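Novice: Got protein28.txt for you, compact mmCIF, C-alpha atoms:
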# COMPACT_ATOMS: atom_id res chain seq x y z
CA MET A 1 56.86 13.78 -11.88
CA ALA A 2 53.26 14.89 -12.43
CA SER A 3 53.08 13.16 -15.81
CA ARG A 4 54.30 9.92 -14.23
CA ILE A 5 51.61 10.09 -11.53
CA ILE A 6 48.93 10.69 -14.17
CA LYS A 7 50.29 7.87 -16.35
CA HIS A 8 50.32 5.40 -13.47
CA SER A 9 46.85 6.49 -12.34
CA LEU A 10 45.45 5.92 -15.82
CA TRP A 11 47.15 2.52 -15.97
CA ILE A 12 45.58 1.46 -12.66
CA ALA A 13 42.19 2.77 -13.75
CA TRP A 14 42.50 0.83 -17.03
CA LYS A 15 43.35 -2.34 -15.12
CA ASP A 16 40.30 -1.98 -12.84
CA LEU A 17 38.00 -1.22 -15.78
CA LEU A 18 39.41 -4.24 -17.64
CA ASP A 19 38.64 -6.42 -14.59
CA LEU A 20 35.12 -5.02 -14.60
CA TRP A 21 34.74 -5.75 -18.32
CA ARG A 22 35.77 -9.34 -17.76
CA ASN A 23 33.23 -9.72 -14.95
CA ARG A 24 30.07 -10.16 -17.01
CA LEU A 25 27.76 -10.39 -13.99
CA ALA A 26 29.02 -7.06 -12.65
CA LEU A 27 28.44 -5.44 -16.05
CA VAL A 28 24.85 -6.68 -16.11
CA MET A 29 24.24 -5.32 -12.61
CA ILE A 30 25.58 -1.89 -13.59
CA VAL A 31 22.73 -1.68 -16.10
CA MET A 32 20.04 -3.49 -14.12
CA MET A 33 20.28 -1.52 -10.85
CA PRO A 34 19.48 1.95 -12.28
CA LEU A 35 16.91 0.35 -14.59
CA PHE A 36 15.10 -1.23 -11.64
CA MET A 37 15.20 2.03 -9.69
CA MET A 38 13.70 4.04 -12.56
CA VAL A 39 10.98 1.43 -13.16
CA MET A 40 10.04 1.51 -9.47
CA VAL A 41 9.86 5.31 -9.38
CA GLY A 42 7.80 5.40 -12.57
CA TYR A 43 5.41 2.51 -12.04
CA ILE A 44 5.26 1.41 -8.40
CA PHE A 45 4.37 4.49 -6.39
CA PRO A 46 0.61 5.01 -6.08
CA SER A 47 -0.80 7.59 -8.46
CA SER A 48 -4.52 7.22 -7.77
CA SER A 49 -6.66 8.25 -4.81
CA SER A 50 -9.68 6.17 -5.82
CA ILE A 51 -10.62 2.56 -5.18
CA SER A 52 -11.44 -0.10 -7.74
CA HIS A 53 -12.86 -3.59 -7.18
CA GLU A 54 -11.73 -3.76 -3.55
CA PRO A 55 -13.16 -6.74 -1.60
CA VAL A 56 -15.83 -5.49 0.82
CA ALA A 57 -18.55 -7.52 2.58
CA LEU A 58 -22.01 -6.33 3.62
CA VAL A 59 -23.89 -7.54 6.70
CA ASN A 60 -27.60 -6.84 7.02
CA GLU A 61 -28.56 -7.13 10.72
CA ASP A 62 -31.86 -5.33 10.18
CA VAL A 63 -34.77 -7.06 11.95
CA GLY A 64 -37.25 -4.89 10.07
CA PHE A 65 -40.23 -2.77 11.06
CA TYR A 66 -42.76 -5.40 12.06
CA ASP A 67 -40.67 -7.84 10.01
CA ASP A 68 -40.75 -5.50 7.02
CA LYS A 69 -37.15 -5.07 5.77
CA THR A 70 -38.08 -2.93 2.80
CA MET A 71 -35.78 -0.04 3.79
CA SER A 72 -32.64 -2.13 4.23
CA GLU A 73 -33.37 -4.12 1.07
CA MET A 74 -33.84 -0.88 -0.87
CA PHE A 75 -30.52 0.45 0.49
CA ILE A 76 -28.68 -2.74 -0.52
CA ARG A 77 -30.25 -2.69 -3.98
CA THR A 78 -29.35 0.98 -4.53
CA LEU A 79 -25.79 0.45 -3.28
CA GLY A 80 -25.43 -2.50 -5.63
CA ASP A 81 -26.61 -0.43 -8.59
CA ILE A 82 -24.13 2.34 -7.79
CA ASN A 83 -21.32 -0.17 -7.32
CA ASN A 84 -22.10 -1.83 -10.66
CA LYS A 85 -21.67 1.55 -12.36
CA THR A 86 -18.55 2.69 -10.49
CA GLY A 87 -16.76 -0.64 -9.92
CA MET A 88 -15.57 0.52 -6.48
CA MET A 89 -15.99 -2.81 -4.71
CA ASP A 90 -16.19 -6.52 -5.19
CA LEU A 91 -19.23 -6.61 -2.91
CA THR A 92 -20.12 -9.84 -1.13
CA THR A 93 -22.35 -10.69 1.84
CA SER A 94 -21.43 -11.89 5.33
CA THR A 95 -23.48 -12.90 8.33
CA SER A 96 -21.85 -10.97 11.17
CA PHE A 97 -19.13 -8.58 12.27
CA GLU A 98 -17.12 -11.57 13.56
CA GLU A 99 -17.13 -13.12 10.09
CA ILE A 100 -15.89 -9.86 8.57
CA ARG A 101 -13.14 -9.65 11.18
CA THR A 102 -12.01 -13.21 10.42
CA LYS A 103 -11.97 -12.55 6.69
CA ILE A 104 -9.99 -9.33 7.14
CA GLN A 105 -7.43 -11.22 9.26
CA ASP A 106 -7.25 -13.89 6.56
CA GLY A 107 -6.65 -11.21 3.93
CA GLU A 108 -9.89 -11.94 2.05
CA LEU A 109 -11.46 -8.51 2.73
CA LEU A 110 -10.33 -4.90 3.01
CA GLY A 111 -13.48 -3.69 4.76
CA GLY A 112 -17.13 -4.22 5.57
CA ILE A 113 -20.52 -2.50 5.80
CA LEU A 114 -22.95 -3.26 8.64
CA LEU A 115 -26.61 -2.24 8.66
CA SER A 116 -27.88 -1.94 12.23
CA GLN A 117 -30.68 -4.10 13.69
CA ASN A 118 -33.07 -1.14 13.91
CA PHE A 119 -32.26 0.13 10.41
CA SER A 120 -35.82 -0.06 9.00
CA MET A 121 -37.50 0.82 12.29
CA ASN A 122 -35.54 4.05 12.66
CA LEU A 123 -36.24 5.14 9.09
CA MET A 124 -39.94 4.33 9.36
CA THR A 125 -40.25 6.29 12.62
CA GLY A 126 -38.41 9.38 11.40
CA LYS A 127 -35.00 8.64 12.92
CA GLN A 128 -31.57 8.19 11.36
CA ALA A 129 -30.46 4.66 10.53
CA THR A 130 -26.94 3.66 11.54
CA ILE A 131 -24.48 2.25 8.99
CA THR A 132 -21.10 1.04 10.27
CA ILE A 133 -18.03 0.91 8.03
CA VAL A 134 -15.55 -1.76 9.21
CA THR A 135 -11.90 -1.04 8.38
CA ASP A 136 -8.70 -3.06 8.06
CA GLN A 137 -6.41 -1.33 10.56
CA SER A 138 -3.30 -3.08 9.23
CA ASN A 139 -3.72 -1.11 5.98
CA PRO A 140 -4.45 2.51 6.97
CA GLN A 141 -4.04 4.06 3.51
CA MET A 142 -6.51 1.72 1.83
CA SER A 143 -8.84 1.91 4.84
CA MET A 144 -8.99 5.69 4.54
CA LEU A 145 -9.72 5.48 0.81
CA ILE A 146 -12.47 2.90 1.33
CA GLN A 147 -13.90 4.82 4.29
CA SER A 148 -13.95 8.08 2.34
CA ALA A 149 -15.49 6.53 -0.79
CA LEU A 150 -18.20 4.65 1.15
CA THR A 151 -19.03 7.65 3.33
CA GLN A 152 -19.46 9.90 0.30
CA THR A 153 -21.56 7.28 -1.48
CA ILE A 154 -23.83 6.66 1.52
CA GLU A 155 -24.27 10.40 2.14
CA LEU A 156 -25.20 10.89 -1.51
CA MET A 157 -27.71 8.05 -1.29
CA GLY A 158 -29.17 9.58 1.87
CA THR A 159 -29.51 13.01 0.28
CA GLN A 160 -31.26 11.58 -2.77
CA MET A 161 -33.61 9.56 -0.55
CA ALA A 162 -34.43 12.57 1.62
CA MET A 163 -35.17 14.76 -1.42
CA TYR A 164 -37.38 12.05 -2.93
CA THR A 165 -39.28 11.65 0.37
CA LEU A 166 -39.84 15.40 0.70
CA ASN A 167 -41.10 15.73 -2.86
CA GLU A 168 -43.42 12.75 -2.51
CA THR A 169 -44.74 13.83 0.91
CA TYR A 170 -45.11 17.57 0.51
CA GLN A 171 -45.25 18.04 -3.29
CA VAL A 172 -42.72 20.88 -3.01
CA PRO A 173 -43.10 23.49 -5.81
CA SER A 174 -40.02 24.14 -7.93
CA ASN A 175 -39.64 27.66 -6.51
CA HIS A 176 -39.68 26.48 -2.88
CA THR A 177 -37.10 24.70 -0.72
CA LEU A 178 -37.36 22.71 2.48
CA ALA A 179 -34.71 21.55 4.93
CA ILE A 180 -33.34 18.09 4.12
CA ILE A 181 -32.65 15.70 7.01
CA LYS A 182 -30.28 12.96 5.96
CA PRO A 183 -31.65 9.52 6.85
CA TYR A 184 -28.30 7.76 7.35
CA THR A 185 -25.58 8.24 9.93
CA VAL A 186 -22.19 6.65 9.28
CA GLN A 187 -19.90 5.17 11.95
CA VAL A 188 -16.41 3.69 11.55
CA LYS A 189 -15.26 0.63 13.45
CA GLY A 190 -11.98 -1.26 13.44
CA ILE A 191 -11.60 -4.97 14.09
CA VAL A 192 -9.25 -4.39 17.05
CA ALA A 193 -9.24 -1.81 19.83
CA GLY A 194 -7.40 1.46 19.36
CA GLU A 195 -6.36 3.51 16.36
CA PRO A 196 -3.12 2.21 14.81
CA SER A 197 -0.87 4.89 13.34
CA TYR A 198 1.09 4.83 10.09
CA PHE A 199 4.13 3.67 12.04
CA ASP A 200 2.14 0.64 13.23
CA PHE A 201 1.66 -0.15 9.54
CA VAL A 202 5.33 0.41 8.64
CA ALA A 203 7.00 -1.26 11.65
CA PRO A 204 6.35 -4.92 10.66
CA GLY A 205 7.61 -4.26 7.14
CA ILE A 206 10.75 -2.55 8.41
CA MET A 207 11.44 -5.53 10.66
CA ALA A 208 11.09 -7.98 7.76
CA MET A 209 13.15 -5.73 5.46
CA THR A 210 15.95 -5.38 8.01
CA VAL A 211 16.11 -9.14 8.50
CA MET A 212 16.32 -9.59 4.72
CA MET A 213 19.10 -7.02 4.34
CA SER A 214 21.04 -8.43 7.28
CA VAL A 215 21.07 -11.95 5.88
CA MET A 216 21.59 -11.13 2.20
CA THR A 217 24.43 -8.66 2.77
CA GLY A 218 26.02 -10.56 5.66
CA LEU A 219 26.65 -13.82 3.82
CA PRO A 220 28.81 -12.48 0.96
CA HIS A 221 30.77 -10.29 3.35
CA ALA A 222 31.43 -13.17 5.74
CA ILE A 223 32.64 -15.49 2.99
CA SER A 224 34.73 -12.81 1.24
CA HIS A 225 36.33 -11.92 4.57
CA GLU A 226 37.34 -15.56 5.05
CA LYS A 227 38.87 -15.59 1.55
CA GLU A 228 40.82 -12.37 2.06
CA ALA A 229 42.08 -13.45 5.48
CA GLY A 230 43.11 -16.83 4.09
CA THR A 231 41.10 -18.75 6.68
CA LEU A 232 38.66 -20.19 4.11
CA ASP A 233 41.45 -22.23 2.52
CA GLY A 234 42.38 -23.45 5.97
CA MET A 235 38.82 -24.58 6.67
CA LEU A 236 38.62 -26.31 3.29
CA ALA A 237 41.88 -28.14 3.98
CA ALA A 238 40.79 -29.14 7.49
CA PRO A 239 38.84 -32.38 8.08
CA ILE A 240 35.56 -30.46 8.11
CA ASN A 241 32.54 -31.28 6.00
CA ARG A 242 31.74 -28.45 3.58
CA LEU A 243 28.13 -28.61 4.70
CA SER A 244 29.34 -27.65 8.19
CA ILE A 245 30.87 -24.48 6.77
CA ILE A 246 27.58 -23.53 5.11
CA LEU A 247 25.56 -24.33 8.23
CA GLY A 248 27.94 -22.38 10.44
CA LYS A 249 27.71 -19.29 8.25
CA THR A 250 23.93 -19.68 8.07
CA ILE A 251 23.52 -19.98 11.84
CA ALA A 252 25.67 -16.89 12.39
CA GLN A 253 23.67 -14.80 9.92
CA THR A 254 20.37 -16.13 11.31
CA THR A 255 21.38 -15.06 14.81
CA ARG A 256 22.40 -11.66 13.51
CA GLY A 257 19.17 -11.14 11.55
CA VAL A 258 16.84 -12.24 14.35
CA THR A 259 18.74 -10.10 16.87
CA GLN A 260 18.32 -7.02 14.70
CA GLY A 261 14.63 -7.82 14.21
CA LEU A 262 14.09 -8.10 17.97
CA ILE A 263 15.94 -4.83 18.59
CA LEU A 264 13.66 -3.12 16.07
CA LEU A 265 10.62 -4.67 17.72
CA GLY A 266 11.70 -3.41 21.14
CA LEU A 267 12.36 0.10 19.81
CA ALA A 268 8.98 0.17 18.05
CA VAL A 269 7.20 -0.71 21.28
CA LEU A 270 9.23 1.48 23.65
CA LEU A 271 9.84 4.59 21.54
CA PHE A 272 6.87 4.69 19.17
CA GLY A 273 4.14 3.01 21.21
CA VAL A 274 3.47 0.16 18.80
CA THR A 275 1.03 -2.32 20.36
CA ILE A 276 1.41 -6.01 19.53
CA GLN A 277 -2.11 -7.39 19.32
CA GLY A 278 -1.06 -10.97 18.59
CA ASN A 279 1.22 -13.59 20.16
CA ILE A 280 4.80 -12.41 20.63
CA LEU A 281 6.09 -15.97 20.12
CA LEU A 282 4.37 -16.05 16.74
CA VAL A 283 6.14 -12.79 15.83
CA LEU A 284 9.48 -14.42 16.76
CA LEU A 285 8.60 -17.48 14.65
CA LEU A 286 7.87 -15.25 11.66
CA LEU A 287 11.23 -13.50 12.05
CA LEU A 288 12.96 -16.89 12.03
CA LEU A 289 11.01 -17.95 8.93
CA ALA A 290 11.90 -14.68 7.20
CA VAL A 291 15.59 -15.38 7.84
CA PHE A 292 15.16 -18.97 6.64
CA SER A 293 13.51 -17.86 3.38
CA PHE A 294 16.31 -15.39 2.53
CA VAL A 295 19.34 -17.45 3.58
CA GLY A 296 19.12 -19.75 0.56
CA LEU A 297 18.89 -16.78 -1.82
CA GLY A 298 21.94 -15.21 -0.18
CA ILE A 299 23.97 -18.41 -0.50
CA LEU A 300 22.86 -18.84 -4.13
CA ILE A 301 24.01 -15.38 -5.19
CA THR A 302 27.28 -15.75 -3.27
CA SER A 303 27.95 -18.96 -5.22
CA PHE A 304 27.69 -17.19 -8.59
CA ALA A 305 29.56 -13.98 -7.70
CA LYS A 306 33.31 -13.90 -8.14
CA ASP A 307 33.94 -11.33 -5.42
CA GLU A 308 32.22 -9.39 -2.64
CA GLN A 309 31.66 -6.30 -4.79
CA THR A 310 29.76 -8.24 -7.47
CA ALA A 311 27.76 -10.14 -4.87
CA THR A 312 26.81 -6.89 -3.15
CA MET A 313 25.67 -5.35 -6.45
CA VAL A 314 23.48 -8.37 -7.17
CA MET A 315 22.06 -8.29 -3.63
CA MET A 316 21.22 -4.59 -3.84
CA THR A 317 19.63 -5.02 -7.28
CA LEU A 318 17.30 -7.66 -5.81
CA MET A 319 16.71 -6.00 -2.45
CA PHE A 320 15.64 -2.56 -3.66
CA PRO A 321 12.71 -3.83 -5.76
CA MET A 322 11.64 -6.09 -2.90
CA MET A 323 11.75 -3.17 -0.46
CA PHE A 324 9.35 -1.09 -2.57
CA LEU A 325 7.25 -3.86 -4.10
CA SER A 326 6.47 -5.81 -0.94
CA GLY A 327 4.10 -3.36 0.71
CA VAL A 328 6.59 -2.20 3.34
CA PHE A 329 5.89 1.52 2.91
CA PHE A 330 2.55 1.67 1.06
CA PRO A 331 -0.20 -0.79 0.11
CA ILE A 332 0.28 -3.24 -2.73
CA GLN A 333 -3.35 -2.60 -3.74
CA GLN A 334 -2.43 0.90 -4.96
CA MET A 335 0.16 -0.41 -7.43
CA PRO A 336 -0.62 -1.23 -11.08
CA TRP A 337 -1.90 -4.78 -11.52
CA TYR A 338 1.28 -6.01 -13.20
CA MET A 339 3.38 -4.75 -10.27
CA GLN A 340 0.97 -6.48 -7.88
CA ASP A 341 1.60 -9.75 -9.73
CA ILE A 342 5.35 -9.30 -9.28
CA ALA A 343 4.88 -8.42 -5.61
CA HIS A 344 3.03 -11.69 -5.02
CA CYS A 345 6.13 -13.58 -6.21
CA LEU A 346 8.43 -12.05 -3.55
CA PRO A 347 9.00 -13.68 -0.13
CA LEU A 348 9.30 -10.28 1.58
CA THR A 349 5.65 -9.60 0.67
CA TYR A 350 4.49 -12.63 2.66
CA ALA A 351 6.82 -11.97 5.60
CA THR A 352 5.55 -8.37 5.82
CA THR A 353 1.89 -9.37 5.45
CA ALA A 354 2.14 -12.10 8.10
CA LEU A 355 3.90 -9.84 10.63
CA ARG A 356 1.33 -7.11 10.00
CA LYS A 357 -1.60 -9.48 10.52
CA VAL A 358 -0.20 -10.77 13.82
CA MET A 359 1.08 -7.48 15.24
CA ILE A 360 -1.79 -5.17 14.22
CA LEU A 361 -4.83 -7.42 13.76
CA GLY A 362 -4.03 -10.01 16.44
CA ALA A 363 -4.28 -12.86 13.93
CA GLY A 364 -3.39 -16.43 14.85
CA ILE A 365 -1.65 -19.20 12.90
CA SER A 366 -4.85 -20.12 11.03
CA ALA A 367 -4.97 -16.65 9.44
CA ILE A 368 -1.39 -16.80 8.13
CA THR A 369 -1.14 -20.38 6.88
CA THR A 370 -0.68 -19.19 3.29
CA GLU A 371 2.20 -16.90 4.25
CA LEU A 372 3.83 -19.59 6.42
CA THR A 373 3.60 -22.15 3.62
CA ILE A 374 5.13 -19.84 1.03
CA LEU A 375 7.99 -18.72 3.30
CA ILE A 376 8.85 -22.30 4.23
CA GLY A 377 8.53 -23.51 0.63
CA PHE A 378 10.65 -20.68 -0.77
CA GLY A 379 13.35 -21.29 1.83
CA ILE A 380 13.48 -25.04 1.14
CA VAL A 381 13.67 -24.59 -2.64
CA MET A 382 16.38 -21.93 -2.42
CA LEU A 383 18.49 -24.02 -0.02
CA ALA A 384 18.06 -27.14 -2.17
CA ILE A 385 19.48 -25.20 -5.14
CA ALA A 386 22.05 -23.09 -3.29
CA VAL A 387 23.83 -25.65 -1.08
CA PRO A 388 25.14 -27.91 -3.89
CA LEU A 389 26.17 -24.88 -5.94
CA PHE A 390 27.99 -23.34 -3.00
CA LYS A 391 29.82 -26.59 -2.23
CA LYS A 392 30.89 -26.74 -5.86
CA ALA A 393 31.98 -23.09 -5.84
CA MET A 394 34.24 -23.67 -2.81
CA THR A 395 36.24 -26.25 -4.76
CA ARG A 396 37.16 -23.82 -7.56
Rewrite the structure from the file as structure tokens, please.
Specialist:
Amino acid sequence: MASRIIKHSLWIAWKDLLDLWRNRLALVMIVMMPLFMMVMVGYIFPSSSSISHEPVALVNEDVGFYDDKTMSEMFIRTLGDINNKTGMMDLTTSTSFEEIRTKIQDGELLGGILLSQNFSMNLMTGKQATITIVTDQSNPQMSMLIQSALTQTIELMGTQMAMYTLNETYQVPSNHTLAIIKPYTVQVKGIVAGEPSYFDFVAPGIMAMTVMMSVMTGLPHAISHEKEAGTLDGMLAAPINRLSIILGKTIAQTTRGVTQGLILLGLAVLLFGVTIQGNILLVLLLLLLAVFSFVGLGILITSFAKDEQTATMVMMTLMFPMMFLSGVFFPIQQMPWYMQDIAHCLPLTYATTALRKVMILGAGISAITTELTILIGFGIVMLAIAVPLFKKAMTR
């Protein structure tokens, strides 16, 4: 009796493994999924706490001491020399705080440096000059790195300047010391009111990720369920256009994805105190566009897969890299450059970035035109490829 059970069990196992061997796509996914996971663990997670060539703008509002801006010009020149040696920033100039804010919302800058109007006057009259570091509150990790690096650099510059001034003024002997008063005081300012938390940073990405997962896993399940229940053959035999079947499935998954996104948005606001700085209707539009961009990809993969299990494996192999590469949990800027290039090819990156700009920075449509264009373009291309293939697959 026992030997018969073992024999039959081995026969069934052999049959399932033979089916797997014949399913070439499933075999490829068995290799690719762990490979992708190991690559992400090894190469994606940030391993450096320093900054390198980050875009930062400098605004000099100094009116000078009797029109003499020597002190602010000397500060800018010294900062430029240090930056040329360290490569911390891609330093540019701006005209005002408002311009820096606009550029941060547009994604052109990660921070800014403002020299106060009385910068030279304070230094020339023995007072501290104020330097304001402007931060991108939608990217708290990078903001903290930039803030820390700039603060340390400015404090070092101030110490060196104070020591030079003391030596020149008092000719201090080598065996004597005097108290050093630092000439600069550093302030930090965000482009919106309040202090966003890490959850404020993560929430938009989680919303976009959930919408992606809902659509990409829902489509293969819905179609496989129709096949197993036998209702798909009935729909194909009925006087219904095949495009109607695709549209019906798409509308259902769109409704599901947007509903889950809105539930997450409500929970983020009610339970975790997330403040939406931008237009709530624009947030809803971005959720719809996120669904639209992923629907075509879901239909395309469903067309190639022979069964739900294979389709799910393909979906998971694609979704996991997108989850970690798209800046949902940590900044793209901390990844190696080659991973950043891959991240910029993924639609989830642009959905996450756009939601973050609107929800945290209060950005309008003009600040997210690039993201909107890419999401719409990706969705159109994927649907143009997927719909004919899916119609052909239904006739097999």
Novice: Tell me, in Å to one decimal, how far CA of Met121 (chain A) is from CA of Gly64 (chain A).
Specialist: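 Atom-to-atom, CA of Met121 (chain A) to CA of Gly64 (chain A), that is 6.1 Å.
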Novice: Can you tell me which residues surround region 325-338 of chain A at a distance of at most 10 Å, considering all atoms listed in the file, apart from same-chain residues fewer than 2 positions away, and format the answer as a ChimeraX atom specification?
Specialist: /A:40,43-52,54,110,138-142,198-199,201-209,319-323,340-353,356
Novice: Kindly save the residues from that selection, with C-alpha atoms included, as a CSV table (one decimal), in the coordinates of the input.
Specialist:
chain,number,residue,atom,x,y,z
A,40,MET,CA,10.0,1.5,-9.5
A,43,TYR,CA,5.4,2.5,-12.0
A,44,ILE,CA,5.3,1.4,-8.4
A,45,PHE,CA,4.4,4.5,-6.4
A,46,PRO,CA,0.6,5.0,-6.1
A,47,SER,CA,-0.8,7.6,-8.5
A,48,SER,CA,-4.5,7.2,-7.8
A,49,SER,CA,-6.7,8.2,-4.8
A,50,SER,CA,-9.7,6.2,-5.8
A,51,ILE,CA,-10.6,2.6,-5.2
A,52,SER,CA,-11.4,-0.1,-7.7
A,54,GLU,CA,-11.7,-3.8,-3.6
A,110,LEU,CA,-10.3,-4.9,3.0
A,138,SER,CA,-3.3,-3.1,9.2
A,139,ASN,CA,-3.7,-1.1,6.0
A,140,PRO,CA,-4.4,2.5,7.0
A,141,GLN,CA,-4.0,4.1,3.5
A,142,MET,CA,-6.5,1.7,1.8
A,198,TYR,CA,1.1,4.8,10.1
A,199,PHE,CA,4.1,3.7,12.0
A,201,PHE,CA,1.7,-0.2,9.5
A,202,VAL,CA,5.3,0.4,8.6
A,203,ALA,CA,7.0,-1.3,11.6
A,204,PRO,CA,6.4,-4.9,10.7
A,205,GLY,CA,7.6,-4.3,7.1
A,206,ILE,CA,10.8,-2.6,8.4
A,207,MET,CA,11.4,-5.5,10.7
A,208,ALA,CA,11.1,-8.0,7.8
A,209,MET,CA,13.2,-5.7,5.5
A,319,MET,CA,16.7,-6.0,-2.4
A,320,PHE,CA,15.6,-2.6,-3.7
A,321,PRO,CA,12.7,-3.8,-5.8
A,322,MET,CA,11.6,-6.1,-2.9
A,323,MET,CA,11.8,-3.2,-0.5
A,340,GLN,CA,1.0,-6.5,-7.9
A,341,ASP,CA,1.6,-9.8,-9.7
A,342,ILE,CA,5.4,-9.3,-9.3
A,343,ALA,CA,4.9,-8.4,-5.6
A,344,HIS,CA,3.0,-11.7,-5.0
A,345,CYS,CA,6.1,-13.6,-6.2
A,346,LEU,CA,8.4,-12.0,-3.6
A,347,PRO,CA,9.0,-13.7,-0.1
A,348,LEU,CA,9.3,-10.3,1.6
A,349,THR,CA,5.6,-9.6,0.7
A,350,TYR,CA,4.5,-12.6,2.7
A,351,ALA,CA,6.8,-12.0,5.6
A,352,THR,CA,5.6,-8.4,5.8
A,353,THR,CA,1.9,-9.4,5.4
A,356,ARG,CA,1.3,-7.1,10.0
Novice: In the coordinate frame of the file, compute which residues have an atom within 9 Å of (19.8, -21.9, 9.1) when using only C-alpha atoms, and state them as a JSON list (two decimals) with C-alpha atoms, in the coordinates of the input.
Specialist:
[["chain", "number", "residue", "atom", "x", "y", "z"],
["A", 246, "ILE", "CA", 27.58, -23.53, 5.11],
["A", 247, "LEU", "CA", 25.56, -24.33, 8.23],
["A", 248, "GLY", "CA", 27.94, -22.38, 10.44],
["A", 249, "LYS", "CA", 27.71, -19.29, 8.25],
["A", 250, "THR", "CA", 23.93, -19.68, 8.07],
["A", 251, "ILE", "CA", 23.52, -19.98, 11.84],
["A", 252, "ALA", "CA", 25.67, -16.89, 12.39],
["A", 253, "GLN", "CA", 23.67, -14.80, 9.92],
["A", 254, "THR", "CA", 20.37, -16.13, 11.31],
["A", 288, "LEU", "CA", 12.96, -16.89, 12.03],
["A", 291, "VAL", "CA", 15.59, -15.38, 7.84],
["A", 292, "PHE", "CA", 15.16, -18.97, 6.64],
["A", 295, "VAL", "CA", 19.34, -17.45, 3.58],
["A", 296, "GLY", "CA", 19.12, -19.75, 0.56]]
Novice: Starting from 8 Å padding per side, set up an axis-aligned box that covers all listed atoms of region 371-388 of chain A and hand over centre and edge lengths in Å, one decimal, as JSON.
Specialist:
{"center_x": 13.7, "center_y": -22.4, "center_z": 0.6, "size_x": 38.9, "size_y": 27.0, "size_z": 27.6}
Novice: Write out as a list in words each polymer residue whose atoms come within 10 Å of Gln277 (chain A), counting all atoms listed in the file; drop sequence neighbours fewer than 5 positions from it.
Specialist: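 Counting only the stated atoms, we get Val192, Ala193, Arg356, Lys357, Val358, Met359, Ile360, Leu361, Gly362 and Ala363 of chain A.
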Novice: Which residue gives the smallest distance to Val258 (chain A) among A:Thr302, A:Ser96, A:Thr210, A:Ser366, with all atoms listed in the file counted?
Specialist: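 For Val258 (chain A), the nearest of the given residues is A:Thr210.
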Novice: Can you measure CA of Ser94 (chain A) to CA of Thr275 (chain A) for me? One decimal in Å is fine.
Specialist: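 These atoms are spaced 28.7 Å apart.
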